[in-house]
$ cat target-v3.json   # JSON, N, CA, C and O atoms
[["chain", "number", "residue", "atom", "x", "y", "z"],
["K", 1, "MET", "N", 18.48, 21.43, 13.87],
["K", 1, "MET", "CA", 17.50, 21.96, 14.81],
["K", 1, "MET", "C", 16.25, 22.33, 14.03],
["K", 1, "MET", "O", 16.30, 23.11, 13.09],
["K", 2, "GLY", "N", 15.10, 21.77, 14.36],
["K", 2, "GLY", "CA", 13.86, 22.02, 13.66],
["K", 2, "GLY", "C", 13.20, 23.31, 14.11],
["K", 2, "GLY", "O", 13.61, 23.96, 15.06],
["K", 3, "ALA", "N", 12.13, 23.68, 13.43],
["K", 3, "ALA", "CA", 11.42, 24.91, 13.77],
["K", 3, "ALA", "C", 10.75, 24.80, 15.13],
["K", 3, "ALA", "O", 10.57, 25.78, 15.82],
["K", 4, "ASP", "N", 10.40, 23.57, 15.55],
["K", 4, "ASP", "CA", 9.77, 23.39, 16.85],
["K", 4, "ASP", "C", 10.74, 23.59, 18.00],
["K", 4, "ASP", "O", 10.35, 23.93, 19.10],
["K", 5, "GLU", "N", 12.03, 23.39, 17.73],
["K", 5, "GLU", "CA", 13.03, 23.52, 18.78],
["K", 5, "GLU", "C", 13.50, 24.96, 18.95],
["K", 5, "GLU", "O", 14.12, 25.30, 19.95],
["K", 6, "ASN", "N", 13.25, 25.84, 18.00],
["K", 6, "ASN", "CA", 13.71, 27.22, 18.03],
["K", 6, "ASN", "C", 12.65, 28.08, 18.71],
["K", 6, "ASN", "O", 11.57, 28.29, 18.17],
["K", 7, "PRO", "N", 12.95, 28.63, 19.89],
["K", 7, "PRO", "CA", 11.94, 29.45, 20.58],
["K", 7, "PRO", "C", 11.69, 30.78, 19.88],
["K", 7, "PRO", "O", 10.64, 31.40, 20.08],
["K", 8, "ASP", "N", 12.63, 31.26, 19.05],
["K", 8, "ASP", "CA", 12.47, 32.53, 18.36],
["K", 8, "ASP", "C", 11.79, 32.39, 17.00],
["K", 8, "ASP", "O", 11.65, 33.36, 16.28],
["K", 9, "ALA", "N", 11.36, 31.18, 16.63],
["K", 9, "ALA", "CA", 10.75, 30.95, 15.32],
["K", 9, "ALA", "C", 9.38, 31.61, 15.26],
["K", 9, "ALA", "O", 8.61, 31.56, 16.21],
["K", 10, "GLY", "N", 9.12, 32.22, 14.13],
["K", 10, "GLY", "CA", 7.83, 32.87, 13.91],
["K", 10, "GLY", "C", 6.76, 31.85, 13.57],
["K", 10, "GLY", "O", 7.03, 30.66, 13.40],
["K", 11, "PRO", "N", 5.50, 32.28, 13.45],
["K", 11, "PRO", "CA", 4.42, 31.35, 13.14],
["K", 11, "PRO", "C", 4.58, 30.69, 11.77],
["K", 11, "PRO", "O", 4.19, 29.56, 11.58],
["K", 12, "GLU", "N", 5.19, 31.41, 10.79],
["K", 12, "GLU", "CA", 5.40, 30.83, 9.47],
["K", 12, "GLU", "C", 6.39, 29.66, 9.54],
["K", 12, "GLU", "O", 6.22, 28.66, 8.87],
["K", 13, "GLU", "N", 7.42, 29.81, 10.35],
["K", 13, "GLU", "CA", 8.42, 28.75, 10.46],
["K", 13, "GLU", "C", 7.88, 27.54, 11.22],
["K", 13, "GLU", "O", 8.30, 26.42, 10.99],
["K", 14, "ARG", "N", 6.97, 27.76, 12.14],
["K", 14, "ARG", "CA", 6.39, 26.63, 12.89],
["K", 14, "ARG", "C", 5.46, 25.80, 12.01],
["K", 14, "ARG", "O", 5.32, 24.61, 12.20],
["K", 15, "ARG", "N", 4.78, 26.42, 11.05],
["K", 15, "ARG", "CA", 3.85, 25.72, 10.17],
["K", 15, "ARG", "C", 4.53, 25.13, 8.94],
["K", 15, "ARG", "O", 3.92, 24.38, 8.20],
["K", 16, "ALA", "N", 5.77, 25.45, 8.70],
["K", 16, "ALA", "CA", 6.45, 25.03, 7.47],
["K", 16, "ALA", "C", 6.62, 23.52, 7.43],
["K", 16, "ALA", "O", 6.89, 22.87, 8.44],
["K", 17, "LEU", "N", 6.45, 22.96, 6.24],
["K", 17, "LEU", "CA", 6.65, 21.54, 6.03],
["K", 17, "LEU", "C", 8.13, 21.19, 6.08],
["K", 17, "LEU", "O", 8.53, 20.16, 6.58],
["K", 18, "PHE", "N", 8.96, 22.08, 5.56],
["K", 18, "PHE", "CA", 10.41, 21.93, 5.62],
["K", 18, "PHE", "C", 11.01, 23.33, 5.56],
["K", 18, "PHE", "O", 10.32, 24.30, 5.30],
["K", 19, "ARG", "N", 12.33, 23.42, 5.83],
["K", 19, "ARG", "CA", 12.97, 24.72, 5.75],
["K", 19, "ARG", "C", 14.34, 24.55, 5.12],
["K", 19, "ARG", "O", 14.99, 23.52, 5.30],
["K", 20, "VAL", "N", 14.77, 25.54, 4.38],
["K", 20, "VAL", "CA", 16.06, 25.53, 3.70],
["K", 20, "VAL", "C", 17.12, 25.93, 4.71],
["K", 20, "VAL", "O", 17.06, 26.99, 5.31],
["K", 21, "VAL", "N", 18.09, 25.05, 4.91],
["K", 21, "VAL", "CA", 19.15, 25.31, 5.88],
["K", 21, "VAL", "C", 20.36, 25.95, 5.21],
["K", 21, "VAL", "O", 21.00, 26.82, 5.78],
["K", 22, "ARG", "N", 20.63, 25.54, 3.97],
["K", 22, "ARG", "CA", 21.80, 26.05, 3.28],
["K", 22, "ARG", "C", 21.45, 26.27, 1.81],
["K", 22, "ARG", "O", 20.71, 25.50, 1.22],
["K", 23, "GLY", "N", 21.98, 27.32, 1.22],
["K", 23, "GLY", "CA", 21.74, 27.61, -0.19],
["K", 23, "GLY", "C", 20.59, 28.59, -0.38],
["K", 23, "GLY", "O", 19.92, 28.99, 0.57],
["K", 24, "THR", "N", 20.39, 28.97, -1.62],
["K", 24, "THR", "CA", 19.31, 29.91, -1.96],
["K", 24, "THR", "C", 18.55, 29.37, -3.16],
["K", 24, "THR", "O", 18.80, 29.75, -4.30],
["K", 25, "PRO", "N", 17.60, 28.47, -2.93],
["K", 25, "PRO", "CA", 16.82, 27.94, -4.05],
["K", 25, "PRO", "C", 15.84, 28.99, -4.58],
["K", 25, "PRO", "O", 15.35, 29.84, -3.83],
["K", 26, "ASP", "N", 15.58, 28.91, -5.88],
["K", 26, "ASP", "CA", 14.61, 29.84, -6.46],
["K", 26, "ASP", "C", 13.19, 29.27, -6.29],
["K", 26, "ASP", "O", 13.00, 28.19, -5.73],
["K", 27, "ASP", "N", 12.21, 29.99, -6.76],
["K", 27, "ASP", "CA", 10.81, 29.60, -6.57],
["K", 27, "ASP", "C", 10.48, 28.27, -7.26],
["K", 27, "ASP", "O", 9.72, 27.46, -6.74],
["K", 28, "HIS", "N", 11.06, 28.02, -8.42],
["K", 28, "HIS", "CA", 10.78, 26.78, -9.16],
["K", 28, "HIS", "C", 11.35, 25.56, -8.41],
["K", 28, "HIS", "O", 10.71, 24.51, -8.36],
["K", 29, "GLU", "N", 12.53, 25.70, -7.85],
["K", 29, "GLU", "CA", 13.13, 24.61, -7.09],
["K", 29, "GLU", "C", 12.33, 24.31, -5.83],
["K", 29, "GLU", "O", 12.11, 23.15, -5.47],
["K", 30, "LEU", "N", 11.87, 25.36, -5.15],
["K", 30, "LEU", "CA", 11.05, 25.14, -3.95],
["K", 30, "LEU", "C", 9.71, 24.51, -4.30],
["K", 30, "LEU", "O", 9.20, 23.66, -3.57],
["K", 31, "ALA", "N", 9.13, 24.91, -5.43],
["K", 31, "ALA", "CA", 7.86, 24.32, -5.85],
["K", 31, "ALA", "C", 8.03, 22.84, -6.18],
["K", 31, "ALA", "O", 7.19, 22.01, -5.82],
["K", 32, "ALA", "N", 9.12, 22.49, -6.86],
["K", 32, "ALA", "CA", 9.38, 21.09, -7.18],
["K", 32, "ALA", "C", 9.60, 20.27, -5.92],
["K", 32, "ALA", "O", 9.07, 19.15, -5.78],
["K", 33, "LEU", "N", 10.36, 20.80, -4.98],
["K", 33, "LEU", "CA", 10.61, 20.09, -3.72],
["K", 33, "LEU", "C", 9.32, 19.92, -2.93],
["K", 33, "LEU", "O", 9.05, 18.86, -2.36],
["K", 34, "THR", "N", 8.49, 20.94, -2.90],
["K", 34, "THR", "CA", 7.22, 20.85, -2.19],
["K", 34, "THR", "C", 6.31, 19.80, -2.82],
["K", 34, "THR", "O", 5.67, 19.03, -2.10],
["K", 35, "ALA", "N", 6.28, 19.72, -4.15],
["K", 35, "ALA", "CA", 5.46, 18.72, -4.82],
["K", 35, "ALA", "C", 5.93, 17.31, -4.51],
["K", 35, "ALA", "O", 5.13, 16.41, -4.25],
["K", 36, "VAL", "N", 7.24, 17.09, -4.49],
["K", 36, "VAL", "CA", 7.78, 15.76, -4.19],
["K", 36, "VAL", "C", 7.49, 15.37, -2.75],
["K", 36, "VAL", "O", 7.06, 14.24, -2.47],
["K", 37, "VAL", "N", 7.70, 16.28, -1.82],
["K", 37, "VAL", "CA", 7.47, 15.97, -0.40],
["K", 37, "VAL", "C", 5.98, 15.73, -0.15],
["K", 37, "VAL", "O", 5.60, 14.81, 0.58],
["K", 38, "ALA", "N", 5.10, 16.52, -0.76],
["K", 38, "ALA", "CA", 3.66, 16.34, -0.58],
["K", 38, "ALA", "C", 3.19, 15.01, -1.17],
["K", 38, "ALA", "O", 2.35, 14.32, -0.60],
["K", 39, "ALA", "N", 3.74, 14.64, -2.33],
["K", 39, "ALA", "CA", 3.36, 13.36, -2.95],
["K", 39, "ALA", "C", 3.83, 12.19, -2.11],
["K", 39, "ALA", "O", 3.12, 11.19, -1.94],
["K", 40, "ALA", "N", 5.02, 12.29, -1.54],
["K", 40, "ALA", "CA", 5.53, 11.22, -0.69],
["K", 40, "ALA", "C", 4.72, 11.11, 0.59],
["K", 40, "ALA", "O", 4.49, 10.00, 1.10],
["K", 41, "ALA", "N", 4.26, 12.22, 1.13],
["K", 41, "ALA", "CA", 3.49, 12.19, 2.37],
["K", 41, "ALA", "C", 2.09, 11.63, 2.15],
["K", 41, "ALA", "O", 1.51, 11.01, 3.04],
["K", 42, "SER", "N", 1.52, 11.81, 0.96],
["K", 42, "SER", "CA", 0.16, 11.34, 0.71],
["K", 42, "SER", "C", 0.13, 9.96, 0.07],
["K", 42, "SER", "O", -0.95, 9.48, -0.27],
["K", 43, "ALA", "N", 1.27, 9.34, -0.10],
["K", 43, "ALA", "CA", 1.33, 8.03, -0.77],
["K", 43, "ALA", "C", 0.67, 6.94, 0.06],
["K", 43, "ALA", "O", 0.20, 5.95, -0.48],
["K", 44, "GLY", "N", 0.62, 7.09, 1.36],
["K", 44, "GLY", "CA", 0.00, 6.08, 2.20],
["K", 44, "GLY", "C", 1.00, 5.00, 2.60],
["K", 44, "GLY", "O", 2.19, 5.10, 2.37],
["K", 45, "GLY", "N", 0.48, 3.94, 3.17],
["K", 45, "GLY", "CA", 1.32, 2.85, 3.65],
["K", 45, "GLY", "C", 1.62, 1.84, 2.57],
["K", 45, "GLY", "O", 1.31, 2.03, 1.40],
["K", 46, "PRO", "N", 2.21, 0.75, 2.99],
["K", 46, "PRO", "CA", 2.51, -0.29, 2.00],
["K", 46, "PRO", "C", 1.23, -0.94, 1.48],
["K", 46, "PRO", "O", 0.21, -0.97, 2.17],
["K", 47, "PRO", "N", 1.27, -1.47, 0.27],
["K", 47, "PRO", "CA", 0.06, -2.10, -0.28],
["K", 47, "PRO", "C", -0.29, -3.37, 0.49],
["K", 47, "PRO", "O", 0.57, -4.01, 1.08],
["K", 48, "GLU", "N", -1.57, -3.69, 0.48],
["K", 48, "GLU", "CA", -2.01, -4.90, 1.18],
["K", 48, "GLU", "C", -1.50, -6.12, 0.44],
["K", 48, "GLU", "O", -1.46, -6.15, -0.79],
["K", 49, "PRO", "N", -1.11, -7.15, 1.17],
["K", 49, "PRO", "CA", -0.63, -8.36, 0.50],
["K", 49, "PRO", "C", -1.75, -9.05, -0.27],
["K", 49, "PRO", "O", -2.92, -8.98, 0.11],
["K", 50, "VAL", "N", -1.39, -9.69, -1.35],
["K", 50, "VAL", "CA", -2.36, -10.39, -2.18],
["K", 50, "VAL", "C", -2.74, -11.69, -1.47],
["K", 50, "VAL", "O", -1.88, -12.48, -1.10],
["K", 51, "ARG", "N", -4.03, -11.88, -1.27],
["K", 51, "ARG", "CA", -4.50, -13.08, -0.58],
["K", 51, "ARG", "C", -4.89, -14.13, -1.60],
["K", 51, "ARG", "O", -5.34, -13.83, -2.70],
["K", 52, "ALA", "N", -4.71, -15.38, -1.19],
["K", 52, "ALA", "CA", -5.13, -16.49, -2.04],
["K", 52, "ALA", "C", -6.66, -16.50, -2.09],
["K", 52, "ALA", "O", -7.33, -16.18, -1.11],
["K", 53, "PRO", "N", -7.25, -16.87, -3.22],
["K", 53, "PRO", "CA", -8.72, -16.89, -3.31],
["K", 53, "PRO", "C", -9.31, -17.95, -2.38],
["K", 53, "PRO", "O", -8.72, -19.01, -2.17],
["K", 54, "ASP", "N", -10.45, -17.63, -1.86],
["K", 54, "ASP", "CA", -11.16, -18.55, -0.97],
["K", 54, "ASP", "C", -11.91, -19.57, -1.82],
["K", 54, "ASP", "O", -12.85, -19.24, -2.53],
["K", 55, "LEU", "N", -11.46, -20.83, -1.77],
["K", 55, "LEU", "CA", -12.06, -21.86, -2.61],
["K", 55, "LEU", "C", -13.43, -22.31, -2.11],
["K", 55, "LEU", "O", -14.19, -22.90, -2.87],
["K", 56, "TRP", "N", -13.76, -22.04, -0.85],
["K", 56, "TRP", "CA", -15.07, -22.43, -0.34],
["K", 56, "TRP", "C", -16.19, -21.63, -0.98],
["K", 56, "TRP", "O", -17.29, -22.12, -1.18],
["K", 57, "SER", "N", -15.91, -20.39, -1.31],
["K", 57, "SER", "CA", -16.95, -19.54, -1.90],
["K", 57, "SER", "C", -16.82, -19.44, -3.42],
["K", 57, "SER", "O", -17.50, -18.65, -4.04],
["K", 58, "SER", "N", -15.97, -20.23, -4.00],
["K", 58, "SER", "CA", -15.78, -20.20, -5.45],
["K", 58, "SER", "C", -17.00, -20.81, -6.15],
["K", 58, "SER", "O", -17.48, -21.87, -5.77],
["K", 59, "PRO", "N", -17.50, -20.16, -7.19],
["K", 59, "PRO", "CA", -18.64, -20.73, -7.92],
["K", 59, "PRO", "C", -18.28, -22.07, -8.58],
["K", 59, "PRO", "O", -19.14, -22.92, -8.76],
["K", 60, "ALA", "N", -17.02, -22.27, -8.92],
["K", 60, "ALA", "CA", -16.61, -23.53, -9.54],
["K", 60, "ALA", "C", -16.73, -24.69, -8.57],
["K", 60, "ALA", "O", -16.86, -25.85, -8.98],
["K", 61, "ALA", "N", -16.69, -24.41, -7.28],
["K", 61, "ALA", "CA", -16.79, -25.48, -6.29],
["K", 61, "ALA", "C", -18.22, -26.05, -6.25],
["K", 61, "ALA", "O", -18.43, -27.16, -5.76],
["K", 62, "GLN", "N", -19.19, -25.32, -6.75],
["K", 62, "GLN", "CA", -20.57, -25.79, -6.74],
["K", 62, "GLN", "C", -20.88, -26.68, -7.93],
["K", 62, "GLN", "O", -21.93, -27.32, -7.98],
["K", 63, "LEU", "N", -19.99, -26.71, -8.91],
["K", 63, "LEU", "CA", -20.21, -27.56, -10.08],
["K", 63, "LEU", "C", -19.74, -28.97, -9.78],
["K", 63, "LEU", "O", -18.76, -29.18, -9.08],
["K", 64, "ARG", "N", -20.44, -29.92, -10.34],
["K", 64, "ARG", "CA", -20.08, -31.31, -10.11],
["K", 64, "ARG", "C", -19.06, -31.73, -11.17],
["K", 64, "ARG", "O", -19.21, -31.45, -12.36],
["K", 65, "ALA", "N", -18.03, -32.42, -10.72],
["K", 65, "ALA", "CA", -17.02, -32.93, -11.65],
["K", 65, "ALA", "C", -17.60, -34.13, -12.38],
["K", 65, "ALA", "O", -18.43, -34.86, -11.84],
["K", 66, "PRO", "N", -17.18, -34.36, -13.60],
["K", 66, "PRO", "CA", -17.70, -35.51, -14.34],
["K", 66, "PRO", "C", -17.27, -36.83, -13.68],
["K", 66, "PRO", "O", -16.18, -36.95, -13.16],
["K", 67, "LEU", "N", -18.17, -37.79, -13.70],
["K", 67, "LEU", "CA", -17.88, -39.11, -13.14],
["K", 67, "LEU", "C", -17.33, -39.99, -14.25],
["K", 67, "LEU", "O", -17.93, -40.12, -15.31],
["K", 68, "LEU", "N", -16.18, -40.56, -13.99],
["K", 68, "LEU", "CA", -15.54, -41.40, -14.98],
["K", 68, "LEU", "C", -15.63, -42.85, -14.52],
["K", 68, "LEU", "O", -15.33, -43.16, -13.36],
["K", 69, "ALA", "N", -16.03, -43.73, -15.41],
["K", 69, "ALA", "CA", -16.13, -45.15, -15.08],
["K", 69, "ALA", "C", -14.77, -45.81, -15.24],
["K", 69, "ALA", "O", -13.93, -45.36, -16.01],
["K", 70, "GLY", "N", -14.55, -46.83, -14.45],
["K", 70, "GLY", "CA", -13.30, -47.57, -14.58],
["K", 70, "GLY", "C", -12.84, -48.05, -13.23],
["K", 70, "GLY", "O", -13.47, -47.81, -12.19],
["K", 71, "PRO", "N", -11.72, -48.78, -13.21],
["K", 71, "PRO", "CA", -11.20, -49.29, -11.94],
["K", 71, "PRO", "C", -10.83, -48.13, -11.01],
["K", 71, "PRO", "O", -10.15, -47.20, -11.41],
["K", 72, "GLY", "N", -11.27, -48.19, -9.78],
["K", 72, "GLY", "CA", -10.97, -47.16, -8.78],
["K", 72, "GLY", "C", -11.81, -45.91, -8.91],
["K", 72, "GLY", "O", -11.58, -44.93, -8.20],
["K", 73, "ALA", "N", -12.80, -45.90, -9.77],
["K", 73, "ALA", "CA", -13.63, -44.71, -9.98],
["K", 73, "ALA", "C", -14.45, -44.39, -8.74],
["K", 73, "ALA", "O", -14.67, -43.23, -8.43],
["K", 74, "TRP", "N", -14.90, -45.42, -8.03],
["K", 74, "TRP", "CA", -15.69, -45.17, -6.84],
["K", 74, "TRP", "C", -14.84, -44.49, -5.78],
["K", 74, "TRP", "O", -15.32, -43.65, -5.04],
["K", 75, "ARG", "N", -13.57, -44.85, -5.71],
["K", 75, "ARG", "CA", -12.68, -44.22, -4.72],
["K", 75, "ARG", "C", -12.37, -42.78, -5.13],
["K", 75, "ARG", "O", -12.36, -41.87, -4.30],
["K", 76, "ALA", "N", -12.13, -42.55, -6.40],
["K", 76, "ALA", "CA", -11.79, -41.21, -6.88],
["K", 76, "ALA", "C", -12.99, -40.27, -6.81],
["K", 76, "ALA", "O", -12.81, -39.05, -6.76],
["K", 77, "SER", "N", -14.20, -40.79, -6.78],
["K", 77, "SER", "CA", -15.37, -39.91, -6.75],
["K", 77, "SER", "C", -15.50, -39.19, -5.42],
["K", 77, "SER", "O", -16.13, -38.13, -5.36],
["K", 78, "GLY", "N", -14.91, -39.71, -4.36],
["K", 78, "GLY", "CA", -15.01, -39.05, -3.05],
["K", 78, "GLY", "C", -13.80, -38.19, -2.73],
["K", 78, "GLY", "O", -13.81, -37.51, -1.73],
["K", 79, "LEU", "N", -12.78, -38.22, -3.56],
["K", 79, "LEU", "CA", -11.59, -37.44, -3.29],
["K", 79, "LEU", "C", -11.75, -36.02, -3.83],
["K", 79, "LEU", "O", -12.36, -35.81, -4.87],
["K", 80, "PRO", "N", -11.20, -35.05, -3.11],
["K", 80, "PRO", "CA", -11.29, -33.67, -3.62],
["K", 80, "PRO", "C", -10.39, -33.50, -4.84],
["K", 80, "PRO", "O", -9.37, -34.16, -5.00],
["K", 81, "ARG", "N", -10.77, -32.60, -5.70],
["K", 81, "ARG", "CA", -9.97, -32.34, -6.90],
["K", 81, "ARG", "C", -9.26, -31.02, -6.76],
["K", 81, "ARG", "O", -9.64, -30.11, -6.25]]

$ encode --input "target-v3.json" --output "structure tokens"
Amino acid sequence: MGADENPDAGPEERRALFRVVRGTPDDHELAALTAVVAAAASAGGPPEPVRAPDLWSSPAAQLRAPLLAGPGAWRASGLPR
């Protein structure tokens, strides 16, 4: 049962990030738990997927490939590399 479900909960219990249900942790243990929970909450969502580079805007696409002489060279000159 959370603090929101308890009608007798005080204002401190309603604002609490978590509450100890069983046991008696000391101040150091509560501080460590608070740091872990706060870090997990601020971590954000999953990382964005890595996208393939856009070859249309690549500077290398503006460079001309060398023309090689030989049989079939005229056909190969029009093919993408």

$ atom_distance --input "target-v3.json" --atom1 "atom C of Ser58 (chain K)" --atom2 "atom N of Gly70 (chain K)"
27.4 Å

$ select_by_dssp --input "target-v3.json" --residues "region 7-71 of chain K" --states "helix (DSSP H, G or I)" --output "ChimeraX atom specification"
/K:11-15,27-41,55-57,59-62

$ atom_distance --input "target-v3.json" --atom1 "atom C of Pro53 (chain K)" --atom2 "CA of Ala65 (chain K)"
19.2 Å

$ atom_distance --input "target-v3.json" --atom1 "atom O of Leu30 (chain K)" --atom2 "CA of Phe18 (chain K)"
9.4 Å
